[in-house]
$ cat protein_36.txt   # compact mmCIF, C-alpha atoms
# COMPACT_ATOMS: atom_id res chain seq x y z
CA MET S 1 138.13 187.89 49.50
CA THR S 2 138.49 191.17 47.69
CA ALA S 3 136.49 194.33 47.91
CA PRO S 4 134.23 195.06 44.94
CA THR S 5 135.51 197.82 42.69
CA PRO S 6 132.98 200.59 42.17
CA VAL S 7 132.24 201.52 38.59
CA PRO S 8 132.62 205.30 38.06
CA ALA S 9 129.57 207.03 36.70
CA ALA S 10 129.82 208.97 33.47
CA ALA S 11 130.48 212.64 34.09
CA PRO S 12 127.72 214.93 32.82
CA GLY S 13 128.44 217.48 30.14
CA ARG S 14 131.05 215.54 28.20
CA ALA S 15 131.51 216.12 24.49
CA GLY S 16 129.92 212.73 23.73
CA SER S 17 126.70 213.56 25.56
CA PRO S 18 123.69 214.99 23.69
CA ALA S 19 124.17 218.36 25.41
CA GLY S 20 127.84 218.40 24.52
CA ARG S 21 127.14 217.56 20.88
CA SER S 22 124.44 220.24 20.75
CA LEU S 23 126.93 222.80 22.06
CA LEU S 24 129.49 221.81 19.45
CA VAL S 25 126.90 222.20 16.69
CA TRP S 26 125.95 225.61 18.07
CA LEU S 27 129.57 226.74 18.16
CA ALA S 28 130.10 225.52 14.60
CA ALA S 29 127.04 227.48 13.47
CA CYS S 30 128.33 230.65 15.14
CA ALA S 31 131.76 230.19 13.60
CA ALA S 32 130.22 229.63 10.17
CA GLY S 33 127.95 232.66 10.44
CA GLY S 34 130.65 234.98 11.73
CA GLY S 35 133.25 233.70 9.27
CA LEU S 36 130.85 234.08 6.36
CA ALA S 37 130.08 237.67 7.35
CA LEU S 38 133.77 238.52 7.72
CA LEU S 39 134.62 236.95 4.37
CA ALA S 40 131.85 238.83 2.59
CA ALA S 41 132.71 242.13 4.28
CA GLY S 42 136.23 241.98 2.90
CA ARG S 43 135.13 241.39 -0.69
CA ARG S 44 134.33 243.99 -3.34
CA TRP S 45 130.63 244.75 -3.46
CA VAL S 46 130.78 247.67 -5.89
CA THR S 47 133.05 248.23 -8.88
CA LEU S 48 133.69 251.86 -9.73
CA GLY S 49 134.65 253.48 -13.01
CA ALA S 50 137.83 255.44 -13.72
CA ALA S 51 138.80 257.81 -10.96
CA GLY S 52 139.19 260.62 -13.45
CA GLY S 53 142.24 262.14 -11.87
CA PRO S 54 145.72 261.54 -10.47
CA GLY S 55 145.94 259.02 -7.69
CA GLY S 56 142.92 257.08 -8.89
CA ALA S 57 144.82 254.10 -10.23
CA GLY S 58 143.89 250.91 -8.43
CA GLN S 59 141.07 252.63 -6.52
CA ASP S 60 138.23 251.02 -8.42
CA GLY S 61 136.13 249.16 -5.88
CA LEU S 62 134.31 249.35 -2.56
CA THR S 63 134.23 246.44 -0.15
CA GLY S 64 131.45 245.68 2.28
CA GLY S 65 133.53 247.24 5.03
CA ASP S 66 133.90 250.42 2.97
CA LEU S 67 130.15 250.63 2.53
CA VAL S 68 129.12 249.68 6.10
CA ALA S 69 131.69 250.50 8.76
CA TRP S 70 130.19 248.31 11.49
CA LEU S 71 129.87 245.13 9.44
CA SER S 72 133.20 243.49 10.33
CA PRO S 73 133.29 244.74 13.97
CA ALA S 74 129.80 243.35 14.59
CA ALA S 75 130.77 239.95 13.20
CA LEU S 76 133.95 239.86 15.30
CA ALA S 77 132.05 240.88 18.43
CA ALA S 78 129.48 238.13 17.79
CA LEU S 79 132.24 235.52 17.56
CA ALA S 80 133.77 236.77 20.81
CA ALA S 81 130.38 236.65 22.53
CA ALA S 82 129.83 233.10 21.27
CA VAL S 83 133.08 232.02 22.94
CA ALA S 84 131.98 233.78 26.14
CA VAL S 85 128.85 231.59 26.22
CA LEU S 86 131.12 228.66 27.15
CA ALA S 87 132.14 230.33 30.40
CA ALA S 88 128.65 231.53 31.37
CA ARG S 89 125.70 229.78 32.95
CA GLY S 90 122.10 230.61 33.76
CA ILE S 91 121.05 234.22 33.28
CA GLY S 92 124.55 235.19 32.15
CA ARG S 93 124.40 232.72 29.27
CA ARG S 94 121.00 234.02 28.25
CA LEU S 95 122.20 237.62 28.26
CA ILE S 96 125.23 236.76 26.15
CA GLY S 97 122.99 234.81 23.78
CA GLY S 98 120.88 237.93 23.42
CA VAL S 99 124.01 239.91 22.57
CA VAL S 100 124.91 237.38 19.87
CA ALA S 101 121.40 237.68 18.43
CA LEU S 102 121.56 241.49 18.39
CA LEU S 103 124.97 241.48 16.72
CA GLY S 104 123.71 238.99 14.14
CA ALA S 105 120.79 241.32 13.43
CA ALA S 106 123.27 244.20 13.04
CA VAL S 107 125.28 242.18 10.51
CA ALA S 108 122.15 241.33 8.52
CA ALA S 109 120.99 244.96 8.63
CA GLY S 110 124.43 246.11 7.52
CA ALA S 111 124.35 243.74 4.58
CA TRP S 112 121.02 245.23 3.52
CA ASP S 113 122.25 248.80 4.07
CA GLY S 114 125.27 248.14 1.86
CA THR S 115 122.98 247.49 -1.12
CA ARG S 116 121.08 250.77 -0.84
CA ASP S 117 121.72 253.32 -3.57
CA ALA S 118 122.14 256.10 -1.01
CA THR S 119 124.81 254.14 0.86
CA VAL S 120 126.68 253.30 -2.32
CA ALA S 121 126.52 256.90 -3.55
CA ALA S 122 127.80 258.27 -0.23
CA ALA S 123 130.67 255.78 -0.15
CA ALA S 124 131.54 256.52 -3.77
CA ARG S 125 131.65 260.26 -3.06
CA ALA S 126 133.90 259.69 -0.04
CA HIS S 127 136.07 257.43 -2.15
CA ALA S 128 136.29 260.02 -4.92
CA THR S 129 137.39 262.71 -2.49
CA ALA S 130 140.14 260.46 -1.14
CA ALA S 131 141.21 259.04 -4.48
CA THR S 132 141.24 262.10 -6.71
CA VAL S 133 142.56 265.62 -6.53
CA SER S 134 139.45 267.24 -7.99
CA GLY S 135 136.98 265.11 -5.99
CA ALA S 136 135.02 264.35 -9.16
CA ALA S 137 132.31 261.76 -8.82
CA ILE S 138 133.28 258.18 -9.69
CA PRO S 139 130.55 256.31 -11.54
CA VAL S 140 129.37 252.89 -10.39
CA GLU S 141 129.99 250.28 -13.06
CA SER S 142 128.67 247.10 -11.44
CA ARG S 143 127.71 245.43 -8.20
CA ALA S 144 128.44 241.95 -6.86
CA TRP S 145 125.20 240.91 -5.17
CA VAL S 146 126.52 237.57 -3.95
CA TRP S 147 128.61 239.12 -1.16
CA PRO S 148 125.78 241.11 0.47
CA LEU S 149 123.62 237.99 0.32
CA LEU S 150 126.31 235.90 2.00
CA ALA S 151 126.85 238.56 4.66
CA ALA S 152 123.11 238.65 5.33
CA ALA S 153 123.04 234.85 5.56
CA GLY S 154 125.89 234.92 8.09
CA GLY S 155 124.07 237.54 10.13
CA LEU S 156 120.87 235.51 10.14
CA VAL S 157 122.78 232.41 11.30
CA LEU S 158 124.23 234.43 14.18
CA LEU S 159 120.79 235.82 14.97
CA GLY S 160 119.25 232.36 15.16
CA SER S 161 122.15 231.00 17.21
CA GLY S 162 121.85 233.85 19.67
CA VAL S 163 118.13 233.20 20.10
CA VAL S 164 118.83 229.53 20.84
CA ALA S 165 121.35 230.45 23.54
CA ALA S 166 119.13 233.19 24.95
CA ARG S 167 116.31 230.70 25.45
CA GLY S 168 118.41 228.84 28.00
CA ALA S 169 119.86 225.86 26.18
CA ARG S 170 121.10 223.18 28.61
CA TRP S 171 124.73 223.04 27.64
CA PRO S 172 127.79 222.19 29.75
CA GLY S 173 129.89 225.18 30.71
CA MET S 174 133.53 225.60 31.58
CA SER S 175 132.58 227.04 34.97
CA GLY S 176 130.62 223.92 35.86
CA ARG S 177 133.51 221.70 34.80
CA TYR S 178 135.91 223.70 36.93
CA GLU S 179 133.58 223.41 39.90
CA ARG S 180 133.39 219.63 39.45
CA ASP S 181 137.17 219.40 39.14
CA ALA S 182 137.61 221.49 42.27
CA GLY S 183 135.12 219.33 44.14
CA HIS S 184 136.97 216.18 43.09
CA ALA S 185 140.26 217.71 44.22
CA ARG S 186 138.82 218.52 47.64
CA THR S 187 137.32 215.08 48.22
CA GLU S 188 140.14 212.98 46.74
CA PRO S 189 142.28 212.83 49.95
CA GLY S 190 139.29 211.64 51.98
CA ARG S 191 138.42 209.03 49.39
CA ALA S 192 142.00 207.77 49.29
CA ALA S 193 142.06 207.40 53.08
CA ALA S 194 138.75 205.51 53.03
CA ARG S 195 140.04 203.17 50.33
CA ASP S 196 143.19 202.46 52.35
CA ALA S 197 141.11 201.69 55.45
CA ASP S 198 138.85 199.33 53.52
CA ARG S 199 141.83 197.55 52.01
CA ALA S 200 143.41 197.07 55.43
CA LEU S 201 140.12 195.68 56.74
CA TRP S 202 139.85 193.10 53.94
CA ASP S 203 143.53 192.13 54.30
CA ALA S 204 143.02 191.49 58.01
CA LEU S 205 139.98 189.29 57.32
CA ASP S 206 141.94 187.32 54.69
CA GLU S 207 144.64 186.59 57.26
CA GLY S 208 142.10 185.35 59.79
CA GLU S 209 142.50 188.29 62.11
CA ASP S 210 139.75 190.17 63.86
CA PRO S 211 140.13 193.79 62.77
CA THR S 212 137.96 194.93 65.71
CA ASP S 213 140.32 193.31 68.27
CA ASP S 214 142.55 196.07 69.71
CA ARG S 215 144.60 193.68 71.91
CA GLY S 216 148.29 193.63 71.14
CA ARG S 217 148.17 196.98 69.37
$ encode --input "protein_36.txt" --output "structure tokens"
Amino acid sequence: MTAPTPVPAAAPGRAGSPAGRSLLVWLAACAAGGGLALLAAGRRWVTLGAAGGPGGAGQDGLTGGDLVAWLSPAALAALAAAVAVLAARGIGRRLIGGVVALLGAAVAAGAWDGTRDATVAAAARAHATAATVSGAAIPVESRAWVWPLLAAAGGLVLLGSGVVAARGARWPGMSGRYERDAGHARTEPGRAAARDADRALWDALDEGEDPTDDRGR
């Protein structure tokens, strides 16, 4: 006679569960949005004409980061906040989700601001002062509209992802997993002792002994 072996229940919050898969999709969306914004911010949005003076060689373009100073920092901060969502639960997760949404909105707004004529003119003047001795104005030759559009798309993805997290998505968190692991660690000695006692009881019954008989002990 052997004791029945209990079948362990599936632990909640695993990667294969619907909540775990939803979290992975959300993280992928945040990574895609932030990465797209960073990629676009580092590309040339505006091509300038000849600098018109010494020191102007090679200084013929303005990137998204040159036009909008906060574009790359906002995207990086949004990615960091997205990682922090993993360690938060409840109201903390919602607050961090709100931060991701706000940073995504900042990225999208920065992408729009980088296309404004006033922003381009101000950046070109600052560039001319740094690139030339005379500080003569550098004319704008062309613009690459694809990069502002991609930056705006990345910001909108971050904005939507932040809203999803801020609305209290039921995702597993690292803190919950650590609590479960700690609980298992605390109860494991007691479970091991109980299993040993049960095994001794069944062994005694198999040998025809009465485990409740204390005589001779």
$ atom_distance --input "protein_36.txt" --atom1 "CA of Val146 in chain S" --atom2 "CA of Ala109 in chain S"
15.6 Å
$ residues_near_point --input "protein_36.txt" --point "(132.1, 256.6, -2.7)" --cutoff "10 Å" --atoms "all atoms listed in the file" --output "number ranges by chain"
S: 46, 48, 61-62, 66-67, 119-131, 137-140
$ residues_around --input "protein_36.txt" --residues "Leu36 in chain S" --least-positions-apart "3" --cutoff "12 Å" --atoms "only C-alpha atoms" --output "PDB file with C-alpha atoms, in the frame of the given file"
ATOM      1  CA  ALA S  28     130.100 225.520  14.600  1.00  0.00           C
ATOM      2  CA  ALA S  29     127.040 227.480  13.470  1.00  0.00           C
ATOM      3  CA  CYS S  30     128.330 230.650  15.140  1.00  0.00           C
ATOM      4  CA  ALA S  31     131.760 230.190  13.600  1.00  0.00           C
ATOM      5  CA  ALA S  32     130.220 229.630  10.170  1.00  0.00           C
ATOM      6  CA  GLY S  33     127.950 232.660  10.440  1.00  0.00           C
ATOM      7  CA  LEU S  39     134.620 236.950   4.370  1.00  0.00           C
ATOM      8  CA  ALA S  40     131.850 238.830   2.590  1.00  0.00           C
ATOM      9  CA  ALA S  41     132.710 242.130   4.280  1.00  0.00           C
ATOM     10  CA  GLY S  42     136.230 241.980   2.900  1.00  0.00           C
ATOM     11  CA  ARG S  43     135.130 241.390  -0.690  1.00  0.00           C
ATOM     12  CA  LEU S  71     129.870 245.130   9.440  1.00  0.00           C
ATOM     13  CA  SER S  72     133.200 243.490  10.330  1.00  0.00           C
ATOM     14  CA  ALA S  75     130.770 239.950  13.200  1.00  0.00           C
ATOM     15  CA  LEU S  76     133.950 239.860  15.300  1.00  0.00           C
ATOM     16  CA  LEU S  79     132.240 235.520  17.560  1.00  0.00           C
ATOM     17  CA  GLY S 104     123.710 238.990  14.140  1.00  0.00           C
ATOM     18  CA  VAL S 107     125.280 242.180  10.510  1.00  0.00           C
ATOM     19  CA  ALA S 108     122.150 241.330   8.520  1.00  0.00           C
ATOM     20  CA  ALA S 111     124.350 243.740   4.580  1.00  0.00           C
ATOM     21  CA  VAL S 146     126.520 237.570  -3.950  1.00  0.00           C
ATOM     22  CA  TRP S 147     128.610 239.120  -1.160  1.00  0.00           C
ATOM     23  CA  PRO S 148     125.780 241.110   0.470  1.00  0.00           C
ATOM     24  CA  LEU S 149     123.620 237.990   0.320  1.00  0.00           C
ATOM     25  CA  LEU S 150     126.310 235.900   2.000  1.00  0.00           C
ATOM     26  CA  ALA S 151     126.850 238.560   4.660  1.00  0.00           C
ATOM     27  CA  ALA S 152     123.110 238.650   5.330  1.00  0.00           C
ATOM     28  CA  ALA S 153     123.040 234.850   5.560  1.00  0.00           C
ATOM     29  CA  GLY S 154     125.890 234.920   8.090  1.00  0.00           C
ATOM     30  CA  GLY S 155     124.070 237.540  10.130  1.00  0.00           C
ATOM     31  CA  LEU S 156     120.870 235.510  10.140  1.00  0.00           C
ATOM     32  CA  VAL S 157     122.780 232.410  11.300  1.00  0.00           C
ATOM     33  CA  LEU S 158     124.230 234.430  14.180  1.00  0.00           C
TER      34      LEU S 158
END
$ closest_residue --input "protein_36.txt" --among "S:Val99, S:Leu24, S:Ala106, S:Ala74" --to "Gly162 in chain S" --atoms "all atoms listed in the file"
S:Val99
$ atom_distance --input "protein_36.txt" --atom1 "CA of Leu23 in chain S" --atom2 "CA of Trp171 in chain S"
6.0 Å
$ atom_distance --input "protein_36.txt" --atom1 "CA of Leu38 in chain S" --atom2 "CA of Asp117 in chain S"
22.2 Å
